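As provided, protein08.pdb (PDB, C-alpha atoms and all ligand atoms) reads as follows.
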ATOM      1  CA  MET A   1      25.825 -42.587 -94.390
ATOM      2  CA  SER A   2      22.070 -42.308 -95.054
ATOM      3  CA  SER A   3      20.095 -39.322 -93.801
ATOM      4  CA  THR A   4      18.341 -41.656 -91.352
ATOM      5  CA  GLU A   5      21.695 -42.700 -89.906
ATOM      6  CA  ARG A   6      22.834 -39.077 -89.781
ATOM      7  CA  PHE A   7      19.760 -37.979 -87.796
ATOM      8  CA  LEU A   8      20.092 -40.980 -85.495
ATOM      9  CA  CYS A   9      23.730 -40.024 -84.862
ATOM     10  CA  GLU A  10      22.519 -36.560 -83.891
ATOM     11  CA  ALA A  11      19.989 -38.095 -81.472
ATOM     12  CA  ILE A  12      22.735 -40.284 -79.997
ATOM     13  CA  ALA A  13      25.033 -37.258 -79.606
ATOM     14  CA  LEU A  14      22.265 -35.470 -77.674
ATOM     15  CA  ALA A  15      21.839 -38.567 -75.497
ATOM     16  CA  ARG A  16      25.573 -38.708 -74.837
ATOM     17  CA  ASP A  17      25.617 -35.035 -73.810
ATOM     18  CA  ASN A  18      22.667 -35.742 -71.517
ATOM     19  CA  ILE A  19      24.626 -38.466 -69.712
ATOM     20  CA  ARG A  20      27.284 -35.845 -68.940
ATOM     21  CA  GLU A  21      24.533 -33.648 -67.476
ATOM     22  CA  GLY A  22      23.509 -36.485 -65.162
ATOM     23  CA  GLY A  23      20.560 -37.559 -67.266
ATOM     24  CA  ARG A  24      19.400 -40.723 -68.961
ATOM     25  CA  PRO A  25      20.877 -41.764 -72.332
ATOM     26  CA  PHE A  26      18.034 -40.538 -74.507
ATOM     27  CA  GLY A  27      17.929 -37.886 -77.214
ATOM     28  CA  ALA A  28      15.591 -37.190 -80.128
ATOM     29  CA  VAL A  29      15.232 -34.871 -83.080
ATOM     30  CA  VAL A  30      12.193 -33.926 -85.165
ATOM     31  CA  VAL A  31      12.841 -33.509 -88.874
ATOM     32  CA  ARG A  32      10.763 -31.852 -91.574
ATOM     33  CA  ASP A  33      11.824 -31.524 -95.204
ATOM     34  CA  GLY A  34      15.267 -32.852 -94.362
ATOM     35  CA  GLU A  35      15.908 -30.252 -91.646
ATOM     36  CA  VAL A  36      16.056 -30.711 -87.883
ATOM     37  CA  ILE A  37      13.335 -28.417 -86.503
ATOM     38  CA  ALA A  38      13.452 -29.491 -82.848
ATOM     39  CA  ARG A  39      15.559 -31.432 -80.390
ATOM     40  CA  GLY A  40      14.960 -33.007 -77.006
ATOM     41  CA  VAL A  41      16.739 -34.952 -74.304
ATOM     42  CA  ASN A  42      15.380 -36.840 -71.336
ATOM     43  CA  GLU A  43      14.973 -34.277 -68.539
ATOM     44  CA  MET A  44      13.398 -36.454 -65.861
ATOM     45  CA  HIS A  45      16.430 -36.046 -63.602
ATOM     46  CA  ARG A  46      16.117 -32.253 -63.601
ATOM     47  CA  THR A  47      12.369 -31.766 -63.492
ATOM     48  CA  ASN A  48      11.000 -34.784 -61.594
ATOM     49  CA  ASP A  49       8.568 -34.996 -64.477
ATOM     50  CA  PRO A  50       7.951 -38.615 -65.502
ATOM     51  CA  THR A  51       6.780 -37.404 -68.923
ATOM     52  CA  ALA A  52      10.005 -35.486 -69.666
ATOM     53  CA  HIS A  53      11.137 -37.984 -72.302
ATOM     54  CA  ALA A  54      13.386 -36.906 -75.166
ATOM     55  CA  GLU A  55      10.850 -37.622 -77.913
ATOM     56  CA  LEU A  56       7.999 -35.928 -76.072
ATOM     57  CA  LEU A  57      10.032 -32.785 -75.375
ATOM     58  CA  ALA A  58      11.257 -32.711 -78.991
ATOM     59  CA  ILE A  59       7.643 -32.951 -80.188
ATOM     60  CA  ARG A  60       6.602 -30.115 -77.844
ATOM     61  CA  ALA A  61       9.467 -27.984 -79.185
ATOM     62  CA  ALA A  62       8.498 -28.829 -82.770
ATOM     63  CA  GLY A  63       4.896 -27.749 -82.158
ATOM     64  CA  GLN A  64       6.144 -24.463 -80.737
ATOM     65  CA  ALA A  65       8.614 -23.946 -83.588
ATOM     66  CA  LEU A  66       5.951 -24.582 -86.224
ATOM     67  CA  GLY A  67       3.101 -22.928 -84.313
ATOM     68  CA  THR A  68       0.821 -25.925 -84.764
ATOM     69  CA  LEU A  69      -0.481 -29.020 -82.994
ATOM     70  CA  ARG A  70       0.027 -31.068 -86.134
ATOM     71  CA  LEU A  71       3.355 -32.538 -87.159
ATOM     72  CA  ASP A  72       2.142 -34.094 -90.392
ATOM     73  CA  GLY A  73       5.040 -34.865 -92.670
ATOM     74  CA  CYS A  74       7.537 -34.824 -89.803
ATOM     75  CA  ALA A  75       9.808 -37.683 -88.809
ATOM     76  CA  VAL A  76      11.212 -38.429 -85.363
ATOM     77  CA  TYR A  77      14.673 -39.896 -84.853
ATOM     78  CA  ALA A  78      15.296 -41.206 -81.367
ATOM     79  CA  SER A  79      18.361 -42.705 -79.751
ATOM     80  CA  GLY A  80      16.199 -45.305 -77.979
ATOM     81  CA  ASN A  81      13.065 -47.343 -78.563
ATOM     82  CA  PRO A  82      10.175 -44.894 -78.017
ATOM     83  CA  CYS A  83       8.001 -45.785 -75.035
ATOM     84  CA  PRO A  84       4.219 -46.185 -75.484
ATOM     85  CA  MET A  85       3.579 -42.616 -74.253
ATOM     86  CA  CYS A  86       5.943 -41.084 -76.804
ATOM     87  CA  LEU A  87       4.736 -43.344 -79.611
ATOM     88  CA  ALA A  88       1.121 -42.395 -78.840
ATOM     89  CA  THR A  89       2.099 -38.716 -78.827
ATOM     90  CA  MET A  90       3.670 -39.125 -82.272
ATOM     91  CA  ARG A  91       0.450 -40.732 -83.525
ATOM     92  CA  ILE A  92      -1.701 -37.966 -82.054
ATOM     93  CA  ALA A  93       0.524 -35.311 -83.642
ATOM     94  CA  GLY A  94       0.471 -36.993 -87.060
ATOM     95  CA  VAL A  95       4.166 -37.830 -87.244
ATOM     96  CA  ARG A  96       4.799 -39.723 -90.476
ATOM     97  CA  GLU A  97       7.669 -41.961 -89.442
ATOM     98  CA  VAL A  98      10.010 -42.772 -86.601
ATOM     99  CA  ALA A  99      13.396 -44.453 -86.446
ATOM    100  CA  TYR A 100      15.382 -45.458 -83.356
ATOM    101  CA  ALA A 101      18.910 -46.697 -82.817
ATOM    102  CA  TYR A 102      18.684 -48.737 -79.613
ATOM    103  CA  SER A 103      15.880 -51.280 -79.216
ATOM    104  CA  ASN A 104      14.100 -52.377 -76.055
ATOM    105  CA  GLN A 105      16.152 -55.560 -76.313
ATOM    106  CA  ASP A 106      19.337 -53.446 -76.332
ATOM    107  CA  GLY A 107      18.084 -51.564 -73.274
ATOM    108  CA  GLU A 108      16.834 -54.528 -71.248
ATOM    109  CA  PRO A 109      20.151 -55.339 -69.469
ATOM    110  CA  TYR A 110      20.364 -51.685 -68.360
ATOM    111  CA  GLY A 111      16.816 -51.280 -67.120
ATOM    112  CA  LEU A 112      16.072 -49.066 -70.132
ATOM    113  CA  SER A 113      13.365 -51.126 -71.803
ATOM    114  CA  THR A 114       9.651 -50.313 -71.915
ATOM    115  CA  ALA A 115       8.719 -53.717 -73.373
ATOM    116  CA  ALA A 116       6.830 -54.643 -70.187
ATOM    117  CA  ILE A 117       4.628 -51.538 -70.501
ATOM    118  CA  TYR A 118       3.908 -52.345 -74.157
ATOM    119  CA  ALA A 119       2.878 -55.864 -73.108
ATOM    120  CA  GLU A 120       0.616 -54.525 -70.338
ATOM    121  CA  LEU A 121      -1.067 -51.998 -72.617
ATOM    122  CA  ALA A 122      -1.803 -54.687 -75.186
ATOM    123  CA  LYS A 123      -4.102 -56.396 -72.660
ATOM    124  CA  PRO A 124      -7.767 -55.462 -72.073
ATOM    125  CA  PHE A 125      -8.193 -52.933 -69.214
ATOM    126  CA  SER A 126      -9.652 -55.629 -66.959
ATOM    127  CA  GLU A 127      -6.478 -57.726 -67.245
ATOM    128  CA  GLN A 128      -3.971 -54.937 -66.600
ATOM    129  CA  SER A 129      -2.137 -54.641 -63.276
ATOM    130  CA  MET A 130      -3.215 -51.001 -62.854
ATOM    131  CA  LYS A 131      -6.850 -50.674 -61.746
ATOM    132  CA  ILE A 132      -8.737 -48.898 -64.527
ATOM    133  CA  ASP A 133     -12.416 -48.087 -63.939
ATOM    134  CA  TYR A 134     -15.037 -46.657 -66.267
ATOM    135  CA  VAL A 135     -17.468 -44.822 -63.976
ATOM    136  CA  PRO A 136     -19.941 -42.874 -66.118
ATOM    137  CA  VAL A 137     -20.684 -40.011 -63.697
ATOM    138  CA  ARG A 138     -23.018 -37.328 -65.111
ATOM    139  CA  PRO A 139     -23.663 -34.597 -62.508
ATOM    140  CA  GLU A 140     -27.385 -33.924 -62.168
ATOM    141  CA  GLY A 141     -28.709 -30.683 -63.616
ATOM    142  CA  GLU A 142     -25.668 -30.050 -65.801
ATOM    143  CA  ALA A 143     -25.385 -30.209 -69.564
ATOM    144  CA  ASP A 144     -23.495 -33.229 -70.827
ATOM    145  CA  LEU A 145     -19.782 -32.391 -70.905
ATOM    146  CA  TYR A 146     -19.191 -33.359 -74.512
ATOM    147  CA  GLU A 147     -22.446 -31.783 -75.685
ATOM    148  CA  ALA A 148     -21.374 -28.547 -73.971
ATOM    149  CA  TRP A 149     -18.075 -28.651 -75.824
ATOM    150  CA  ARG A 150     -19.762 -29.294 -79.173
ATOM    151  CA  ALA A 151     -22.166 -26.418 -78.594
ATOM    152  CA  THR A 152     -19.228 -24.091 -77.943
ATOM    153  CA  SER A 153     -17.073 -25.252 -80.829
ATOM    154  CA  ALA A 154     -19.980 -25.065 -83.256
ATOM    155  CA  LYS A 155     -20.245 -21.300 -82.727
TER     156      LYS A 155
HETATM  157 ZN    ZN B 201       8.861 -41.918 -73.912
END
Spell out the structure here as structure tokens.
Ligand SMILES: [Zn+2]
Amino acid sequence: MSSTERFLCEAIALARDNIREGGRPFGAVVVRDGEVIARGVNEMHRTNDPTAHAELLAIRAAGQALGTLRLDGCAVYASGNPCPMCLATMRIAGVREVAYAYSNQDGEPYGLSTAAIYAELAKPFSEQSMKIDYVPVRPEGEADLYEAWRATSAK
């Protein structure tokens, strides 16, 4: 068994345990230098938090374990096809690679696919079903928000 398969089996085992806890069948591990540094399972059922996905919680735990925002050189192994939110989080954190065991196609018959969200997000804002507006409000008499941030961070 390859190390990829081994880490995916660990993610699947976490997902299986989560089913027993009443949760969704999703687990994930974050690996650096061949070692699991963080784990996560889908906790939406317990927290009513729509962002409590296995990969996202594993990434949060990894950041805490390493004491950094950056997960450069880390790999994520997930039981299921990462959703756009989790994939974007991996990109933002600098994750090097991701592998998953169950695809969106595998999940489709069970209502566990995020393919429709991927398809929506690939469209321009104006063509998406959610109303997305750019309204460039700049309160009068105040310094520009981003300029204020730059001024602070330049100190
Ligand atoms: Zn997700």
### Task
Kindly work out which residues sit at most 8 Å from ligand ZN 201 (chain B), using all atoms listed in the file, and give the list as a ChimeraX atom specification.
/A:51-56,82-87
### Task
Run the PyMOL selection byres (((chain A and resi 3) around 12) and not hetatm) mentally over the shown coordinates, then write out the matched residues as a list of chain:residue names, using the chain letters and numbers from the document.
A:Met1, A:Ser2, A:Thr4, A:Glu5, A:Arg6, A:Phe7, A:Leu8, A:Cys9, A:Glu10, A:Val31, A:Asp33, A:Gly34, A:Glu35, A:Val36, A:Ala75, A:Tyr77, A:Ala99
Residues near Ile92 (chain A), anyone? I mean within 10 Å using only C-alpha atoms, not counting same-chain ones fewer than 3 positions away, as a short mmCIF file (atom, residue, chain, number, x, y, z; two decimals) with C-alpha atoms, in the frame of the given file.
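This is the output file part-v7.cif:
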data_model
loop_
_atom_site.label_atom_id
_atom_site.label_comp_id
_atom_site.auth_asym_id
_atom_site.auth_seq_id
_atom_site.Cartn_x
_atom_site.Cartn_y
_atom_site.Cartn_z
CA LEU A 69 -0.48 -29.02 -82.99
CA ARG A 70 0.03 -31.07 -86.13
CA LEU A 71 3.36 -32.54 -87.16
CA ASP A 72 2.14 -34.09 -90.39
CA CYS A 86 5.94 -41.08 -76.80
CA LEU A 87 4.74 -43.34 -79.61
CA ALA A 88 1.12 -42.40 -78.84
CA THR A 89 2.10 -38.72 -78.83
CA VAL A 95 4.17 -37.83 -87.24
#
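Once Gln128 (chain A) and its same-chain neighbours fewer than 5 positions away are set aside, Ala116, Ile117, Tyr118, Ala119, Glu120, Leu121, Ala122, Lys123 and Asp133 of chain A remain within 12 Å of it when counting all atoms listed in the file.
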### Query
Quick one: which residues end up in the PyMOL selection byres (((chain A and resi 78) around 6) and not hetatm) for this structure, as a list in words?
Ala11, Gly27, Ala28, Tyr77, Ser79, Gly80 and Tyr100 of chain A
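As for CA of Phe26 (chain A) and CA of Ala62 (chain A), they are spaced 17.2 Å apart.
The spacing separating CA of Met130 (chain A) from CA of Pro109 (chain A) amounts to 24.7 Å.
Here CA of Tyr146 (chain A) is placed at a distance of 21.2 Å from CA of Ile132 (chain A).
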Could you add N, CA and C atoms to region 21-54 of chain A and give me the result as a tab-separated table (two decimals), keeping the file's coordinate frame?
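What follows is the written file out-v1.tsv:
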chain	number	residue	atom	x	y	z
A	21	GLU	N	25.32	-34.56	-68.32
A	21	GLU	CA	24.53	-33.65	-67.48
A	21	GLU	C	23.86	-34.39	-66.32
A	22	GLY	N	24.12	-35.70	-66.23
A	22	GLY	CA	23.51	-36.48	-65.16
A	22	GLY	C	22.19	-37.12	-65.53
A	23	GLY	N	21.85	-37.04	-66.83
A	23	GLY	CA	20.56	-37.56	-67.27
A	23	GLY	C	20.64	-38.94	-67.88
A	24	ARG	N	19.49	-39.41	-68.32
A	24	ARG	CA	19.40	-40.72	-68.96
A	24	ARG	C	19.87	-40.63	-70.41
A	25	PRO	N	20.29	-41.76	-70.98
A	25	PRO	CA	20.88	-41.76	-72.33
A	25	PRO	C	19.85	-41.72	-73.46
A	26	PHE	N	19.06	-40.65	-73.47
A	26	PHE	CA	18.03	-40.54	-74.51
A	26	PHE	C	18.02	-39.14	-75.13
A	27	GLY	N	18.04	-39.12	-76.46
A	27	GLY	CA	17.93	-37.89	-77.21
A	27	GLY	C	17.05	-38.12	-78.43
A	28	ALA	N	16.46	-37.06	-78.96
A	28	ALA	CA	15.59	-37.19	-80.13
A	28	ALA	C	15.59	-35.89	-80.93
A	29	VAL	N	15.39	-36.04	-82.23
A	29	VAL	CA	15.23	-34.87	-83.08
A	29	VAL	C	13.98	-35.05	-83.94
A	30	VAL	N	13.34	-33.93	-84.26
A	30	VAL	CA	12.19	-33.93	-85.16
A	30	VAL	C	12.65	-33.28	-86.46
A	31	VAL	N	12.36	-33.95	-87.56
A	31	VAL	CA	12.84	-33.51	-88.87
A	31	VAL	C	11.67	-33.24	-89.81
A	32	ARG	N	11.74	-32.12	-90.52
A	32	ARG	CA	10.76	-31.85	-91.57
A	32	ARG	C	11.51	-31.36	-92.80
A	33	ASP	N	11.17	-31.90	-93.94
A	33	ASP	CA	11.82	-31.52	-95.20
A	33	ASP	C	13.34	-31.61	-95.10
A	34	GLY	N	13.83	-32.62	-94.44
A	34	GLY	CA	15.27	-32.85	-94.36
A	34	GLY	C	16.02	-31.97	-93.38
A	35	GLU	N	15.27	-31.15	-92.62
A	35	GLU	CA	15.91	-30.25	-91.65
A	35	GLU	C	15.46	-30.60	-90.22
A	36	VAL	N	16.41	-30.53	-89.29
A	36	VAL	CA	16.06	-30.71	-87.88
A	36	VAL	C	15.34	-29.44	-87.42
A	37	ILE	N	14.09	-29.59	-86.96
A	37	ILE	CA	13.34	-28.42	-86.50
A	37	ILE	C	13.23	-28.37	-84.98
A	38	ALA	N	13.53	-29.49	-84.31
A	38	ALA	CA	13.45	-29.49	-82.85
A	38	ALA	C	14.27	-30.64	-82.29
A	39	ARG	N	14.74	-30.42	-81.07
A	39	ARG	CA	15.56	-31.43	-80.39
A	39	ARG	C	15.03	-31.61	-78.97
A	40	GLY	N	15.33	-32.78	-78.40
A	40	GLY	CA	14.96	-33.01	-77.01
A	40	GLY	C	15.87	-34.05	-76.38
A	41	VAL	N	16.04	-33.92	-75.08
A	41	VAL	CA	16.74	-34.95	-74.30
A	41	VAL	C	15.88	-35.29	-73.11
A	42	ASN	N	16.13	-36.44	-72.52
A	42	ASN	CA	15.38	-36.84	-71.34
A	42	ASN	C	15.75	-35.91	-70.18
A	43	GLU	N	14.74	-35.24	-69.62
A	43	GLU	CA	14.97	-34.28	-68.54
A	43	GLU	C	14.34	-34.70	-67.22
A	44	MET	N	14.04	-35.97	-67.08
A	44	MET	CA	13.40	-36.45	-65.86
A	44	MET	C	14.23	-36.16	-64.62
A	45	HIS	N	15.54	-36.24	-64.76
A	45	HIS	CA	16.43	-36.05	-63.60
A	45	HIS	C	16.41	-34.60	-63.10
A	46	ARG	N	16.10	-33.67	-63.99
A	46	ARG	CA	16.12	-32.25	-63.60
A	46	ARG	C	14.76	-31.75	-63.15
A	47	THR	N	13.70	-32.34	-63.70
A	47	THR	CA	12.37	-31.77	-63.49
A	47	THR	C	11.45	-32.62	-62.61
A	48	ASN	N	11.88	-33.85	-62.30
A	48	ASN	CA	11.00	-34.78	-61.59
A	48	ASN	C	9.68	-34.95	-62.33
A	49	ASP	N	9.74	-34.84	-63.63
A	49	ASP	CA	8.57	-35.00	-64.48
A	49	ASP	C	8.69	-36.33	-65.21
A	50	PRO	N	7.83	-37.29	-64.86
A	50	PRO	CA	7.95	-38.62	-65.50
A	50	PRO	C	7.62	-38.60	-66.99
A	51	THR	N	7.07	-37.49	-67.49
A	51	THR	CA	6.78	-37.40	-68.92
A	51	THR	C	7.88	-36.67	-69.69
A	52	ALA	N	8.95	-36.29	-69.02
A	52	ALA	CA	10.01	-35.49	-69.67
A	52	ALA	C	10.95	-36.37	-70.49
A	53	HIS	N	10.36	-37.12	-71.41
A	53	HIS	CA	11.14	-37.98	-72.30
A	53	HIS	C	11.65	-37.17	-73.49
A	54	ALA	N	12.75	-37.62	-74.06
A	54	ALA	CA	13.39	-36.91	-75.17
A	54	ALA	C	12.43	-36.68	-76.34
